[in-house]
Amino acid sequence: MEYIKAFHIDNGRKYYSLTQLTDLIDVMAQTGYNMLELAVGNDGYRFLLDDMTVKTDQKIYASDDVKKAIHAGNIDFCDNGTNELTQGEVETLIRYANEKGIQVMPLLNSPGHMDALLTAMEHLGISSPAYKGSKTTVDLDNQEAVGFTKALLQKLIIWFSEKGCRYLNLGSDEYANDVLTSGFASLQKPEEYRYDKFIAYVNDIARMIKSAGMIPVMFNDGVYYNQDLSAGTLDKDIVVSYWSPGWDAYDLAPVSFLEARGHQILDTNCDWYYVLGRTTKENEDPIFTYQTALNAMQNEESPVAASMKGKPVGSMFCLWSDEPQAPYDEKEVERMHMLLRAFNPKH
């Protein structure tokens, strides 16, 4: 398998236009990238098919109702003026990338990072879809909300498969971290153990992706969180996008632990992260700034790859939009061109 050199753009939190995306693809093609991870579903949901009819076992949600509900969810999360890419635009994007030798890997994040979809579900009459008051995360015990989420994902998974996409990232990171120090730790509390439901949910989505002929990818947060093996086995065909070893009270399994359980690793070292518009603030340690990303690319070997026995299947540099109102202006375009050219991971 060809080594993956990927660039991720957070087109979920912040709307980036087709023109802005094709400009980045041009630079990617010049510098040896072969994959674009397009995060259209990440907090916001910035992509609508022409037909958005969603059918669950209990109900059919009409296309126009779903479109209006998701649009309302995007407005509620962050109104970027134009808030969704159209089906035609994403078809054009995929075709343009493919002509440049670049595959598109969609990111459709769940069960966390679903802010706009949770709002959309409320607009559609689904009661209390969120877990413990989270603005980001669906309650895995709410069968109606989970049913809607899976049905929507199934529709989009099939569509992206039919457009020739070979990988799809199901996300599954940071479960309810907006209201809890760690949502995964909460799921693992003995008195209300639900981590098995998370594992089952991820395996269901991975099965849908594989059935459509694609390879499932997910971030490492929930992959045997705290090295817990009691909740069942995750599908070994899931490629783990490993971005962080964790931090205080966020006990993520080491990359070697996941590697030993048969998972291939996509090196998504967070030292390479850039959060659009992020600058060093006085009296604060800089994190995910343009300069920290550039320094890491130029001077550091990835700690992810260094701690593995084998080799990762690829490496990915990420542009995140945690501050979605930050402008993507000429200065930021120049920065992105520089970072794309600087990223040359050792493997």
# chains A, B, ... in the order shown; residues from 1 in each chain; ligands from 1
$ residues_around --residues "segment 286-290 of chain A" --least-positions-apart "3" --cutoff "12 Å" --atoms "only C-alpha atoms" --output "VMD selection string"
chain A and resid 269 to 283 293 to 297 317 to 323 331 to 340 342
$ select_by_dssp --residues "segment 28-181 of chain A" --states "alpha helix (DSSP H)" --output "ChimeraX atom specification"
/A:28-30,63-77,87-99,115-123,143-162
$ closest_residue --among "A:Glu259, A:Asp221, A:Pro111, A:Asn98" --to "Pro245 of chain A" --atoms "only C-alpha atoms"
A:Asp221
$ closest_residue --among "A:Leu24, A:Leu152, A:Val304, A:Ala212" --to "Arg166 of chain A" --atoms "only C-alpha atoms"
A:Ala212
$ closest_residue --among "A:Thr268, A:Gln20, A:Gln291, A:Ser211" --to "Ile158 of chain A" --atoms "only C-alpha atoms"
A:Ser211
$ residues_around --residues "segment 224-228 of chain A" --least-positions-apart "5" --cutoff "6 Å" --atoms "only C-alpha atoms" --output "MDAnalysis selection string"
chainID A and resid 251:253
